[in-house]
>>> print(open('target25.txt').read())   # compact mmCIF, C-alpha atoms and all ligand atoms
# COMPACT_ATOMS: atom_id res chain seq x y z
CA MET A 1 -52.09 8.88 -26.24
CA ASP A 2 -50.55 12.24 -25.51
CA VAL A 3 -52.14 14.72 -27.86
CA SER A 4 -50.97 17.83 -26.03
CA ARG A 5 -47.73 18.25 -27.98
CA VAL A 6 -47.59 20.85 -30.72
CA ILE A 7 -45.25 19.76 -33.50
CA ILE A 8 -44.63 21.67 -36.69
CA HIS A 9 -43.02 20.18 -39.76
CA SER A 10 -41.67 22.79 -42.11
CA ASP A 11 -40.66 21.91 -45.66
CA MET A 12 -39.17 24.47 -48.02
CA ASN A 13 -40.62 23.90 -51.47
CA ALA A 14 -38.42 22.94 -54.42
CA PHE A 15 -35.56 24.03 -52.22
CA TYR A 16 -32.48 24.20 -54.47
CA ALA A 17 -34.43 25.74 -57.35
CA SER A 18 -36.16 28.23 -55.05
CA VAL A 19 -32.84 29.34 -53.58
CA GLU A 20 -31.49 29.93 -57.09
CA GLN A 21 -34.58 32.00 -57.87
CA ALA A 22 -34.28 33.94 -54.62
CA GLU A 23 -30.63 34.73 -55.39
CA ARG A 24 -31.17 35.52 -59.08
CA PRO A 25 -34.32 37.54 -59.69
CA GLU A 26 -34.05 36.98 -63.44
CA LEU A 27 -34.89 33.30 -62.82
CA ARG A 28 -38.13 34.01 -60.99
CA GLY A 29 -41.23 32.78 -62.76
CA ARG A 30 -39.11 30.73 -65.15
CA PRO A 31 -38.70 26.96 -65.22
CA VAL A 32 -35.45 26.28 -63.38
CA ILE A 33 -33.70 22.95 -63.10
CA VAL A 34 -30.85 22.43 -60.66
CA GLY A 35 -28.94 19.56 -62.16
CA GLY A 36 -25.69 17.76 -61.60
CA ASP A 37 -22.89 17.43 -64.05
CA GLU A 38 -24.28 17.45 -67.54
CA GLN A 39 -20.93 16.75 -69.16
CA SER A 40 -20.56 13.39 -67.50
CA ARG A 41 -23.86 12.32 -69.09
CA HIS A 42 -24.93 11.06 -65.71
CA GLY A 43 -26.40 14.43 -64.92
CA ILE A 44 -29.81 14.28 -63.30
CA VAL A 45 -32.40 16.74 -62.07
CA LEU A 46 -31.72 17.42 -58.39
CA THR A 47 -34.59 19.86 -58.03
CA ALA A 48 -37.01 21.47 -60.46
CA SER A 49 -38.88 24.69 -59.79
CA TYR A 50 -42.65 24.50 -59.83
CA GLU A 51 -42.67 26.13 -63.26
CA ALA A 52 -40.54 23.23 -64.54
CA LYS A 53 -42.54 20.60 -62.64
CA ARG A 54 -45.73 21.82 -64.25
CA ARG A 55 -44.14 21.09 -67.63
CA GLY A 56 -43.39 17.52 -66.66
CA VAL A 57 -39.87 17.77 -65.22
CA LYS A 58 -39.37 15.40 -62.31
CA THR A 59 -36.67 14.98 -59.69
CA ALA A 60 -34.01 12.40 -60.66
CA MET A 61 -34.91 12.58 -64.37
CA VAL A 62 -31.82 12.56 -66.57
CA LEU A 63 -31.08 16.04 -67.85
CA TRP A 64 -31.55 15.40 -71.56
CA GLU A 65 -34.96 13.96 -70.84
CA ALA A 66 -35.83 16.99 -68.74
CA ARG A 67 -34.72 19.30 -71.53
CA ARG A 68 -36.96 17.45 -73.94
CA ALA A 69 -39.91 17.86 -71.58
CA CYS A 70 -39.13 21.52 -71.05
CA PRO A 71 -36.78 23.02 -73.66
CA GLU A 72 -37.10 26.54 -72.22
CA ALA A 73 -35.83 25.45 -68.80
CA VAL A 74 -32.78 27.15 -67.35
CA VAL A 75 -30.37 24.49 -66.07
CA VAL A 76 -28.04 25.60 -63.29
CA PRO A 77 -25.40 23.58 -61.45
CA PRO A 78 -25.93 23.06 -57.72
CA HIS A 79 -24.41 25.54 -55.26
CA TYR A 80 -24.40 23.51 -52.08
CA GLY A 81 -22.67 26.16 -50.02
CA LEU A 82 -25.48 28.54 -50.83
CA TYR A 83 -28.21 26.02 -49.94
CA GLN A 84 -26.42 25.33 -46.72
CA ARG A 85 -26.54 29.03 -45.92
CA TYR A 86 -30.28 29.28 -46.59
CA SER A 87 -30.83 26.16 -44.55
CA ARG A 88 -29.02 27.79 -41.66
CA LEU A 89 -30.96 31.05 -42.06
CA ALA A 90 -34.25 29.15 -41.95
CA ARG A 91 -33.14 27.41 -38.78
CA LYS A 92 -32.30 30.77 -37.27
CA ILE A 93 -35.92 31.77 -37.77
CA TYR A 94 -37.11 28.50 -36.20
CA TYR A 95 -34.90 29.09 -33.18
CA ASP A 96 -36.88 32.25 -32.48
CA TYR A 97 -39.80 29.97 -31.57
CA THR A 98 -38.16 26.98 -29.94
CA ASP A 99 -34.81 25.42 -29.24
CA LEU A 100 -36.32 22.03 -30.13
CA VAL A 101 -35.55 22.01 -33.85
CA GLU A 102 -34.68 18.78 -35.63
CA PRO A 103 -33.48 19.17 -39.22
CA PHE A 104 -34.53 16.47 -41.66
CA GLY A 105 -32.40 17.10 -44.69
CA PRO A 106 -31.42 20.60 -45.79
CA ASP A 107 -34.95 21.81 -46.47
CA GLU A 108 -37.07 20.20 -43.76
CA ALA A 109 -37.29 20.41 -39.99
CA TRP A 110 -39.52 19.49 -37.10
CA LEU A 111 -40.16 22.07 -34.41
CA ASP A 112 -41.64 21.26 -31.03
CA VAL A 113 -43.44 24.49 -30.13
CA THR A 114 -45.55 23.02 -27.31
CA HIS A 115 -44.14 25.42 -24.77
CA SER A 116 -44.06 28.51 -26.95
CA VAL A 117 -47.63 28.66 -28.26
CA GLY A 118 -48.55 30.59 -25.15
CA LEU A 119 -46.55 33.50 -26.50
CA ALA A 120 -48.70 33.57 -29.62
CA GLY A 121 -51.94 33.81 -27.69
CA GLY A 122 -52.18 30.05 -27.38
CA ASP A 123 -53.00 29.41 -31.02
CA PRO A 124 -50.56 26.98 -32.69
CA VAL A 125 -51.96 27.84 -36.12
CA LEU A 126 -50.79 31.42 -35.69
CA VAL A 127 -47.30 30.21 -34.80
CA ALA A 128 -47.14 27.99 -37.88
CA GLN A 129 -48.40 30.77 -40.12
CA GLU A 130 -45.99 33.30 -38.70
CA ILE A 131 -43.06 30.98 -39.31
CA SER A 132 -43.97 30.31 -42.92
CA GLU A 133 -44.62 34.01 -43.46
CA ARG A 134 -41.20 34.89 -42.06
CA VAL A 135 -39.41 32.35 -44.25
CA ARG A 136 -41.23 33.81 -47.22
CA THR A 137 -40.49 37.44 -46.50
CA GLU A 138 -37.01 37.11 -44.98
CA LEU A 139 -35.59 34.42 -47.28
CA GLY A 140 -37.87 34.65 -50.28
CA LEU A 141 -38.72 30.95 -50.11
CA SER A 142 -42.09 29.29 -49.86
CA VAL A 143 -42.72 26.58 -47.29
CA SER A 144 -45.32 23.95 -46.64
CA VAL A 145 -46.19 23.49 -43.02
CA GLY A 146 -47.80 20.57 -41.25
CA LEU A 147 -49.06 20.85 -37.70
CA SER A 148 -49.97 17.95 -35.45
CA TRP A 149 -49.42 16.33 -32.09
CA ASN A 150 -46.74 14.00 -33.45
CA LYS A 151 -43.88 14.09 -35.91
CA VAL A 152 -45.25 11.57 -38.40
CA PHE A 153 -48.57 13.35 -38.88
CA ALA A 154 -46.89 16.77 -38.94
CA LYS A 155 -44.68 15.52 -41.78
CA PHE A 156 -47.76 14.08 -43.50
CA GLY A 157 -49.40 17.49 -43.25
CA SER A 158 -46.55 19.36 -44.92
CA ASP A 159 -46.35 16.70 -47.64
CA HIS A 160 -49.98 17.05 -48.57
CA ASP A 161 -50.45 20.61 -49.35
CA LYS A 162 -47.82 21.95 -51.73
CA PRO A 163 -46.54 24.40 -52.57
CA ASP A 164 -47.08 26.99 -49.91
CA GLY A 165 -49.50 24.86 -47.98
CA PHE A 166 -50.71 24.39 -44.49
CA MET A 167 -52.41 21.34 -43.03
CA ARG A 168 -53.31 20.75 -39.42
CA ILE A 169 -53.99 17.21 -38.35
CA THR A 170 -55.85 16.84 -35.08
CA PRO A 171 -57.18 13.77 -33.26
CA GLY A 172 -60.57 14.89 -34.57
CA ASN A 173 -59.73 15.04 -38.27
CA ALA A 174 -56.94 12.44 -38.63
CA ALA A 175 -59.36 9.69 -39.64
CA ARG A 176 -60.78 11.93 -42.34
CA LEU A 177 -57.52 13.47 -43.64
CA VAL A 178 -54.90 10.77 -43.14
CA TRP A 179 -56.60 7.42 -43.06
CA PRO A 180 -57.97 7.34 -46.64
CA ARG A 181 -54.47 7.91 -48.06
CA PRO A 182 -52.23 5.12 -49.42
CA VAL A 183 -50.20 3.58 -46.64
CA ASP A 184 -46.84 4.40 -48.23
CA GLU A 185 -47.51 8.11 -47.77
CA LEU A 186 -46.72 7.57 -44.12
CA LEU A 187 -43.16 8.36 -43.10
CA TYR A 188 -40.99 5.23 -42.89
CA VAL A 189 -43.38 3.06 -44.87
CA GLY A 190 -41.10 2.30 -47.80
CA PRO A 191 -41.87 0.24 -50.88
CA ALA A 192 -40.90 -3.08 -49.25
CA THR A 193 -43.07 -2.50 -46.18
CA ALA A 194 -45.94 -1.30 -48.37
CA ARG A 195 -45.67 -4.49 -50.45
CA LYS A 196 -45.86 -6.70 -47.37
CA LEU A 197 -48.84 -4.73 -46.10
CA ARG A 198 -50.60 -5.05 -49.45
CA ARG A 199 -50.26 -8.81 -49.18
CA LEU A 200 -52.27 -8.54 -45.98
CA GLY A 201 -54.89 -6.55 -47.86
CA ILE A 202 -53.78 -3.31 -46.21
CA ARG A 203 -53.71 -0.45 -48.68
CA THR A 204 -54.57 2.68 -46.72
CA VAL A 205 -53.27 4.26 -43.54
CA GLY A 206 -56.68 3.64 -41.97
CA GLU A 207 -56.61 -0.05 -42.83
CA LEU A 208 -53.22 -0.30 -41.17
CA ALA A 209 -54.46 1.57 -38.10
CA CYS A 210 -57.40 -0.81 -37.69
CA ALA A 211 -55.68 -4.06 -38.67
CA ASP A 212 -55.23 -6.94 -36.26
CA PRO A 213 -51.97 -6.12 -34.43
CA GLU A 214 -51.09 -9.82 -34.08
CA LEU A 215 -51.29 -10.31 -37.81
CA VAL A 216 -49.24 -7.20 -38.59
CA HIS A 217 -46.62 -8.23 -36.08
CA GLN A 218 -46.49 -11.76 -37.43
CA ARG A 219 -45.76 -10.60 -40.97
CA LEU A 220 -43.70 -7.47 -40.37
CA GLY A 221 -42.18 -7.99 -36.95
CA ARG A 222 -41.16 -4.95 -34.97
CA MET A 223 -41.36 -2.68 -38.01
CA GLY A 224 -45.03 -3.64 -38.23
CA ASP A 225 -45.67 -2.53 -34.65
CA VAL A 226 -43.95 0.76 -35.30
CA VAL A 227 -45.77 1.70 -38.50
CA GLN A 228 -49.10 0.61 -37.09
CA ALA A 229 -48.54 2.90 -34.10
CA PHE A 230 -47.71 5.69 -36.55
CA ALA A 231 -50.94 5.09 -38.47
CA GLN A 232 -52.85 5.37 -35.19
CA GLY A 233 -51.14 8.62 -34.33
CA ARG A 234 -49.20 7.02 -31.49
CA ASP A 235 -45.81 8.33 -32.55
CA THR A 236 -44.21 9.53 -29.35
CA SER A 237 -40.69 10.17 -30.66
CA PRO A 238 -39.35 13.50 -29.43
CA VAL A 239 -38.05 16.31 -31.61
CA ARG A 240 -34.32 15.86 -31.20
CA PRO A 241 -32.66 19.24 -31.21
CA LEU A 242 -29.25 20.18 -32.48
CA ASP A 243 -27.45 22.88 -30.60
CA ALA A 244 -28.64 26.35 -31.38
CA SER A 245 -25.03 27.46 -31.62
CA ALA A 246 -22.81 27.22 -34.67
CA LEU A 247 -21.95 23.72 -33.52
CA ASP A 248 -24.97 22.20 -35.15
CA VAL A 249 -23.99 23.56 -38.52
CA ARG A 250 -20.53 22.08 -38.10
CA ARG A 251 -21.81 18.71 -37.05
CA GLU A 252 -23.73 18.46 -40.28
CA VAL A 253 -20.75 19.15 -42.46
CA LYS A 254 -19.31 15.92 -43.72
CA SER A 255 -16.74 17.22 -46.11
CA VAL A 256 -15.45 20.45 -47.57
CA GLY A 257 -14.43 20.50 -51.17
CA ASN A 258 -13.60 22.79 -54.00
CA GLY A 259 -13.03 22.09 -57.63
CA VAL A 260 -12.77 23.86 -60.95
CA THR A 261 -13.32 23.09 -64.55
CA CYS A 262 -10.37 24.93 -66.01
CA PRO A 263 -10.85 27.15 -69.01
CA PHE A 264 -7.51 25.73 -70.19
CA ASP A 265 -5.95 22.27 -70.24
CA VAL A 266 -3.76 21.32 -67.35
CA ASP A 267 -0.98 19.59 -69.24
CA ASP A 268 2.05 19.78 -66.99
CA ALA A 269 2.92 19.10 -63.39
CA THR A 270 3.72 22.71 -62.53
CA CYS A 271 0.34 23.95 -63.63
CA ALA A 272 -1.39 21.04 -61.90
CA ARG A 273 0.43 21.84 -58.68
CA GLN A 274 -0.66 25.47 -58.88
CA VAL A 275 -4.31 24.62 -59.44
CA VAL A 276 -4.21 22.12 -56.56
CA TRP A 277 -2.75 24.75 -54.26
CA LEU A 278 -5.39 27.25 -55.31
CA MET A 279 -8.18 24.76 -54.57
CA GLY A 280 -6.55 23.26 -51.49
CA GLU A 281 -5.89 26.61 -49.93
CA SER A 282 -9.52 27.64 -50.19
CA VAL A 283 -10.54 24.27 -48.71
CA ALA A 284 -8.19 24.76 -45.76
CA GLN A 285 -9.46 28.30 -45.31
CA ARG A 286 -13.02 27.03 -45.26
CA LEU A 287 -12.14 24.36 -42.69
CA ARG A 288 -10.65 27.00 -40.44
CA ALA A 289 -13.74 29.18 -40.80
CA LEU A 290 -15.91 26.23 -39.76
CA GLY A 291 -13.60 25.30 -36.89
CA LEU A 292 -12.95 21.85 -38.33
CA ARG A 293 -9.95 19.70 -39.15
CA ALA A 294 -9.72 16.90 -41.68
CA ARG A 295 -8.27 13.45 -41.28
CA CYS A 296 -8.52 12.65 -44.96
CA VAL A 297 -7.67 14.54 -48.16
CA SER A 298 -8.77 13.49 -51.61
CA VAL A 299 -8.12 14.83 -55.05
CA THR A 300 -10.14 14.33 -58.21
CA GLY A 301 -8.94 14.83 -61.75
CA ARG A 302 -11.21 15.03 -64.74
CA ASP A 303 -9.70 13.84 -67.98
CA PHE A 304 -9.48 16.40 -70.74
CA GLU A 305 -10.78 14.07 -73.45
CA THR A 306 -13.07 11.52 -71.87
CA LEU A 307 -14.23 13.82 -69.03
CA ALA A 308 -13.99 10.78 -66.80
CA CYS A 309 -13.08 11.45 -63.18
CA ARG A 310 -10.55 9.65 -61.10
CA SER A 311 -10.11 10.20 -57.36
CA ARG A 312 -7.38 9.34 -54.93
CA GLN A 313 -7.41 9.84 -51.19
CA ARG A 314 -5.10 9.54 -48.25
CA GLN A 315 -5.18 9.74 -44.49
CA LEU A 316 -3.25 12.55 -42.86
CA ALA A 317 -0.83 11.81 -40.05
CA ARG A 318 -2.72 14.30 -37.89
CA PRO A 319 -6.11 16.00 -38.33
CA SER A 320 -5.30 19.22 -40.13
CA ASP A 321 -6.65 22.56 -41.27
CA LEU A 322 -3.25 23.85 -42.35
CA THR A 323 -3.00 25.10 -45.92
CA GLY A 324 0.46 23.58 -46.35
CA GLU A 325 -0.50 20.11 -45.17
CA ILE A 326 -3.76 19.89 -47.08
CA CYS A 327 -2.17 21.19 -50.29
CA SER A 328 0.96 19.04 -50.06
CA ALA A 329 -1.08 15.91 -49.52
CA ALA A 330 -3.34 16.77 -52.44
CA CYS A 331 -0.35 17.55 -54.68
CA GLU A 332 1.39 14.28 -53.89
CA LEU A 333 -1.79 12.38 -54.64
CA LEU A 334 -2.29 14.09 -57.96
CA LEU A 335 1.27 14.01 -59.15
CA GLY A 336 1.67 10.43 -57.96
CA ASP A 337 -1.25 9.21 -59.98
CA TRP A 338 -1.46 11.31 -63.11
CA ASP A 339 1.21 11.25 -65.76
CA PHE A 340 1.20 14.50 -67.66
CA ARG A 341 3.28 13.03 -70.46
CA HIS A 342 0.18 11.14 -71.55
CA GLU A 343 -2.68 12.82 -69.74
CA LYS A 344 -4.24 16.24 -69.74
CA LEU A 345 -6.74 17.40 -67.19
CA ARG A 346 -9.80 19.55 -67.68
CA GLY A 347 -10.75 19.85 -64.04
CA ILE A 348 -9.23 19.38 -60.61
CA GLY A 349 -10.92 19.13 -57.24
CA VAL A 350 -9.66 18.91 -53.68
CA ARG A 351 -11.76 17.61 -50.81
CA ALA A 352 -11.21 17.33 -47.08
CA SER A 353 -13.25 14.75 -45.16
CA GLN A 354 -13.48 12.79 -41.91
CA LEU A 355 -13.81 16.07 -40.09
CA VAL A 356 -13.22 16.63 -36.39
CA PRO A 357 -13.68 19.78 -34.27
CA ALA A 358 -10.56 21.96 -34.26
CA GLU A 359 -10.69 22.51 -30.52
CA LEU A 360 -9.80 18.93 -29.63
CA PRO A 361 -6.65 19.10 -27.48
CA VAL A 362 -3.30 18.83 -29.21
CA GLN A 363 -0.52 16.72 -27.72
CA LEU A 364 2.79 18.56 -27.93
CA ASP A 365 5.84 16.41 -28.69
CA LEU A 366 9.55 16.59 -27.94
CA GLU A 367 10.57 16.81 -31.59
CA GLY A 368 8.80 20.13 -31.93
CA VAL A 369 6.50 18.98 -34.74
CA GLU A 370 3.38 20.34 -33.10
CA ALA A 371 5.13 23.55 -32.11
CA ALA A 372 6.07 24.12 -35.77
CA ARG A 373 2.48 23.40 -36.76
CA LEU A 374 1.27 26.01 -34.30
CA GLY A 375 3.53 28.50 -36.03
CA ARG A 376 2.08 27.63 -39.41
CA ALA A 377 -1.42 27.87 -37.94
CA ARG A 378 -0.63 31.43 -36.84
CA LEU A 379 0.52 32.27 -40.36
CA ASP A 380 -2.67 30.80 -41.85
CA ALA A 381 -4.76 32.73 -39.33
CA THR A 382 -3.02 35.96 -40.31
CA VAL A 383 -3.66 35.35 -43.99
CA ASP A 384 -7.32 34.52 -43.24
CA ASP A 385 -7.65 37.73 -41.30
CA LEU A 386 -6.14 39.84 -44.08
CA ARG A 387 -8.39 38.21 -46.65
CA SER A 388 -11.50 38.64 -44.56
CA ARG A 389 -10.75 42.33 -44.19
CA PHE A 390 -9.37 43.20 -47.62
CA GLY A 391 -10.80 40.51 -49.93
CA ASN A 392 -9.63 37.14 -51.09
CA HIS A 393 -7.09 38.57 -53.51
CA ALA A 394 -5.38 40.69 -50.87
CA VAL A 395 -2.84 37.94 -50.24
CA ARG A 396 -1.80 35.75 -53.14
CA ARG A 397 0.81 33.18 -53.89
CA LEU A 398 3.67 34.16 -56.11
CA SER A 399 3.07 31.07 -58.24
CA GLU A 400 -0.43 32.32 -59.06
CA LEU A 401 0.84 35.67 -60.23
CA GLY A 402 3.31 34.01 -62.53
CA ASP A 403 0.61 32.34 -64.58
CA PRO A 404 -2.05 34.67 -66.02
CA ARG A 405 -4.35 31.71 -66.68
CA LEU A 406 -4.65 31.11 -62.96
CA ALA A 407 -5.74 34.65 -62.26
CA ALA A 408 -9.03 33.84 -64.00
CA LEU A 409 -9.85 31.09 -61.51
CA ASP A 410 -11.85 32.16 -58.52
CA PRO A 411 -11.53 29.54 -55.81
CA GLU A 412 -14.18 31.10 -53.60
CA ARG A 413 -16.97 30.98 -56.10
CA ASP A 414 -17.50 27.24 -56.40
CA HIS A 415 -17.19 26.22 -52.83
CA ASN A 416 -19.00 23.07 -51.80
CA VAL A 417 -19.73 22.25 -48.23
CA HIS A 418 -21.46 18.90 -47.97
CA PRO A 419 -23.75 18.16 -45.08
CA VAL A 420 -24.63 14.56 -44.33
CA SER A 421 -28.03 14.72 -45.87
CA TYR A 422 -27.15 15.97 -49.33
CA PHE A 423 -27.59 13.17 -51.79
CA ALA A 424 -25.49 14.46 -54.64
MG MG G 501 -38.76 20.42 -49.74
>>> encode(input="target25.txt", output="structure tokens")
Amino acid sequence: MDVSRVIIHSDMNAFYASVEQAERPELRGRPVIVGGDEQSRHGIVLTASYEAKRRGVKTAMVLWEARRACPEAVVVPPHYGLYQRYSRLARKIYYDYTDLVEPFGPDEAWLDVTHSVGLAGGDPVLVAQEISERVRTELGLSVSVGLSWNKVFAKFGSDHDKPDGFMRITPGNAARLVWPRPVDELLYVGPATARKLRRLGIRTVGELACADPELVHQRLGRMGDVVQAFAQGRDTSPVRPLDASALDVRREVKSVGNGVTCPFDVDDATCARQVVWLMGESVAQRLRALGLRARCVSVTGRDFETLACRSRQRQLARPSDLTGEICSAACELLLGDWDFRHEKLRGIGVRASQLVPAELPVQLDLEGVEAARLGRARLDATVDDLRSRFGNHAVRRLSELGDPRLAALDPERDHNVHPVSYFA
């Protein structure tokens, strides 16, 4: 067993809620719940701050239940773009210590610092403490850190001392710290595996580590071999890095979307088209900033009365980040499926998905289609440049100016960028 590796698992505590508190000082020290979509009645607690957890609020609780447990809680909607940014900033700190950083969701990451502990005087504990201290002071977020010679025990360590904790698991103390714990506290031992193990009389990590391998294999197959090796500390899986460049952030982005709940009813096609353009344009702008193109565009309308949502999507002929193409596709979808003689909308959202890197080569064609697209791309780039220098309202569409209601909508504010791991 190779015990010479130094692996850190870093877990930002109550991540979404902590980011909200870091961004809004008035929320600090108060019970904060980040919750999805209360109006739909399916709203659940995505994250609760420790103040709210202490009062009995739990992740995935429905919001009305959470409010009953903690009436003084402040409920805020999720701002995924913001969490994404903090996630990136945390990774930037990690990259100061190693290029071997493997994100595990937006708030967790493994770091292989084996070859950088020398810089910290050879003490891995100092490295771990410095990292958590930097996240605290530079981002205003608390982290729990686990330190071990393998990923599974490092993760166990960060899970077991929260918030703000630190646990080091060594070959010398693993039997004392890890083995007495229930077996399902081990990474990858889910409820089904735990149930099978219980049938073999295995309840703790230690019992799994010491069980007859034949028996475990017989009942659980290959999965049994794997989790037993984990229990024994024989997890040899490497920390799989993403690129340190902006690429890794892009690779995580699965879709880019933007939507508004309008302060007015969208009750005719003209108004609907304007709102779609407003949303779609900011989505396209965001795609360009990320260096991505979408193969698929979808639009969601929320009914004015029932608040029910309906979505339609379509494939684009070519991957696109062009404002015109994204917005036209979204408009056609919306106007093709909603009949404003009978329906009114309260909210409209536009989303671009199936993303590919923008720098994939483009095949020019004899009809001049791609050449025309290049021209439109230059126009979009010029508008982006003006807006980045003089603010988002520096360049506006005439249609927006015609309708004072639209001026109140700020497409930048509610931007959602969804990485793979977000569960909402
Ligand atoms: Mg966390």
>>> atom_distance(input="target25.txt", atom1="CA of Arg378 in chain A", atom2="CA of Glu359 in chain A")
14.9 Å
>>> closest_residue(input="target25.txt", among="A:Ile8, A:Ala60, A:Leu278, A:Ala109", to="Met167 in chain A", atoms="all atoms listed in the file")
A:Ile8
>>> residues_around(input="target25.txt", residues="Ala90 in chain A", least_positions_apart="3", cutoff="12 Å", atoms="only C-alpha atoms", output="CSV table (one decimal) with C-alpha atoms, in the frame of the given file")
chain,number,residue,atom,x,y,z
A,10,SER,CA,-41.7,22.8,-42.1
A,11,ASP,CA,-40.7,21.9,-45.7
A,12,MET,CA,-39.2,24.5,-48.0
A,15,PHE,CA,-35.6,24.0,-52.2
A,19,VAL,CA,-32.8,29.3,-53.6
A,83,TYR,CA,-28.2,26.0,-49.9
A,84,GLN,CA,-26.4,25.3,-46.7
A,85,ARG,CA,-26.5,29.0,-45.9
A,86,TYR,CA,-30.3,29.3,-46.6
A,87,SER,CA,-30.8,26.2,-44.6
A,93,ILE,CA,-35.9,31.8,-37.8
A,94,TYR,CA,-37.1,28.5,-36.2
A,95,TYR,CA,-34.9,29.1,-33.2
A,96,ASP,CA,-36.9,32.2,-32.5
A,97,TYR,CA,-39.8,30.0,-31.6
A,101,VAL,CA,-35.6,22.0,-33.8
A,103,PRO,CA,-33.5,19.2,-39.2
A,106,PRO,CA,-31.4,20.6,-45.8
A,107,ASP,CA,-35.0,21.8,-46.5
A,108,GLU,CA,-37.1,20.2,-43.8
A,109,ALA,CA,-37.3,20.4,-40.0
A,111,LEU,CA,-40.2,22.1,-34.4
A,131,ILE,CA,-43.1,31.0,-39.3
A,132,SER,CA,-44.0,30.3,-42.9
A,133,GLU,CA,-44.6,34.0,-43.5
A,134,ARG,CA,-41.2,34.9,-42.1
A,135,VAL,CA,-39.4,32.4,-44.2
A,136,ARG,CA,-41.2,33.8,-47.2
A,137,THR,CA,-40.5,37.4,-46.5
A,138,GLU,CA,-37.0,37.1,-45.0
A,139,LEU,CA,-35.6,34.4,-47.3
A,140,GLY,CA,-37.9,34.6,-50.3
A,141,LEU,CA,-38.7,31.0,-50.1
A,142,SER,CA,-42.1,29.3,-49.9
A,143,VAL,CA,-42.7,26.6,-47.3
>>> axis_aligned_box(input="target25.txt", around="range 14-31 of chain A", padding_each_side="5 Å", output="JSON")
{"center_x": -35.9, "center_y": 30.2, "center_z": -58.7, "size_x": 20.6, "size_y": 24.6, "size_z": 23.0}
>>> residues_around(input="target25.txt", residues="range 29-36 of chain A", least_positions_apart="3", cutoff="7 Å", atoms="only C-alpha atoms", output="PDB file with C-alpha atoms, keeping the file's coordinate frame")
ATOM      1  CA  TYR A  16     -32.480  24.200 -54.470  1.00  0.00           C
ATOM      2  CA  ALA A  17     -34.430  25.740 -57.350  1.00  0.00           C
ATOM      3  CA  GLY A  43     -26.400  14.430 -64.920  1.00  0.00           C
ATOM      4  CA  ILE A  44     -29.810  14.280 -63.300  1.00  0.00           C
ATOM      5  CA  VAL A  45     -32.400  16.740 -62.070  1.00  0.00           C
ATOM      6  CA  LEU A  46     -31.720  17.420 -58.390  1.00  0.00           C
ATOM      7  CA  THR A  47     -34.590  19.860 -58.030  1.00  0.00           C
ATOM      8  CA  ALA A  48     -37.010  21.470 -60.460  1.00  0.00           C
ATOM      9  CA  SER A  49     -38.880  24.690 -59.790  1.00  0.00           C
ATOM     10  CA  GLU A  51     -42.670  26.130 -63.260  1.00  0.00           C
ATOM     11  CA  ALA A  52     -40.540  23.230 -64.540  1.00  0.00           C
ATOM     12  CA  ALA A  73     -35.830  25.450 -68.800  1.00  0.00           C
ATOM     13  CA  VAL A  74     -32.780  27.150 -67.350  1.00  0.00           C
ATOM     14  CA  VAL A  75     -30.370  24.490 -66.070  1.00  0.00           C
ATOM     15  CA  VAL A  76     -28.040  25.600 -63.290  1.00  0.00           C
ATOM     16  CA  PRO A  77     -25.400  23.580 -61.450  1.00  0.00           C
ATOM     17  CA  PRO A  78     -25.930  23.060 -57.720  1.00  0.00           C
TER      18      PRO A  78
END
>>> atom_distance(input="target25.txt", atom1="CA of Thr236 in chain A", atom2="CA of Ala211 in chain A")
20.1 Å
>>> atom_distance(input="target25.txt", atom1="CA of Leu287 in chain A", atom2="CA of Ile326 in chain A")
10.5 Å
>>> closest_residue(input="target25.txt", among="A:His160, A:Asn150, A:Gln232, A:Leu401", to="Asp2 in chain A", atoms="only C-alpha atoms")
A:Asn150
>>> residues_around(input="target25.txt", residues="Leu197 in chain A", least_positions_apart="3", cutoff="9 Å", atoms="all atoms listed in the file", output="PyMOL selection string")
chain A and resi 183+192-194+200-203+208+216+219-220+224
>>> closest_residue(input="target25.txt", among="A:Leu360, A:Val127, A:Met279, A:Cys309", to="Val113 in chain A", atoms="only C-alpha atoms")
A:Val127
>>> closest_residue(input="target25.txt", among="A:Gly157, A:Gly349, A:Gly56, A:Pro213", to="Glu185 in chain A", atoms="all atoms listed in the file")
A:Gly157
>>> closest_residue(input="target25.txt", among="A:Gln285, A:Gln363, A:Thr306, A:Thr300", to="Trp338 in chain A", atoms="all atoms listed in the file")
A:Thr300
>>> closest_residue(input="target25.txt", among="A:Asp267, A:Glu26, A:Asp159, A:Asp225", to="Leu335 in chain A", atoms="only C-alpha atoms")
A:Asp267
>>> residues_around(input="target25.txt", residues="Val350 in chain A", least_positions_apart="5", cutoff="8 Å", atoms="all atoms listed in the file", output="MDAnalysis selection string")
chainID A and resid 257:259 276 279:280 283 297:300 330
>>> write_last_selection(input="target25.txt", atoms="C-alpha atoms", output="PDB file, keeping the file's coordinate frame")
ATOM      1  CA  GLY A 257     -14.430  20.500 -51.170  1.00  0.00           C
ATOM      2  CA  ASN A 258     -13.600  22.790 -54.000  1.00  0.00           C
ATOM      3  CA  GLY A 259     -13.030  22.090 -57.630  1.00  0.00           C
ATOM      4  CA  VAL A 276      -4.210  22.120 -56.560  1.00  0.00           C
ATOM      5  CA  MET A 279      -8.180  24.760 -54.570  1.00  0.00           C
ATOM      6  CA  GLY A 280      -6.550  23.260 -51.490  1.00  0.00           C
ATOM      7  CA  VAL A 283     -10.540  24.270 -48.710  1.00  0.00           C
ATOM      8  CA  VAL A 297      -7.670  14.540 -48.160  1.00  0.00           C
ATOM      9  CA  SER A 298      -8.770  13.490 -51.610  1.00  0.00           C
ATOM     10  CA  VAL A 299      -8.120  14.830 -55.050  1.00  0.00           C
ATOM     11  CA  THR A 300     -10.140  14.330 -58.210  1.00  0.00           C
ATOM     12  CA  ALA A 330      -3.340  16.770 -52.440  1.00  0.00           C
TER      13      ALA A 330
END
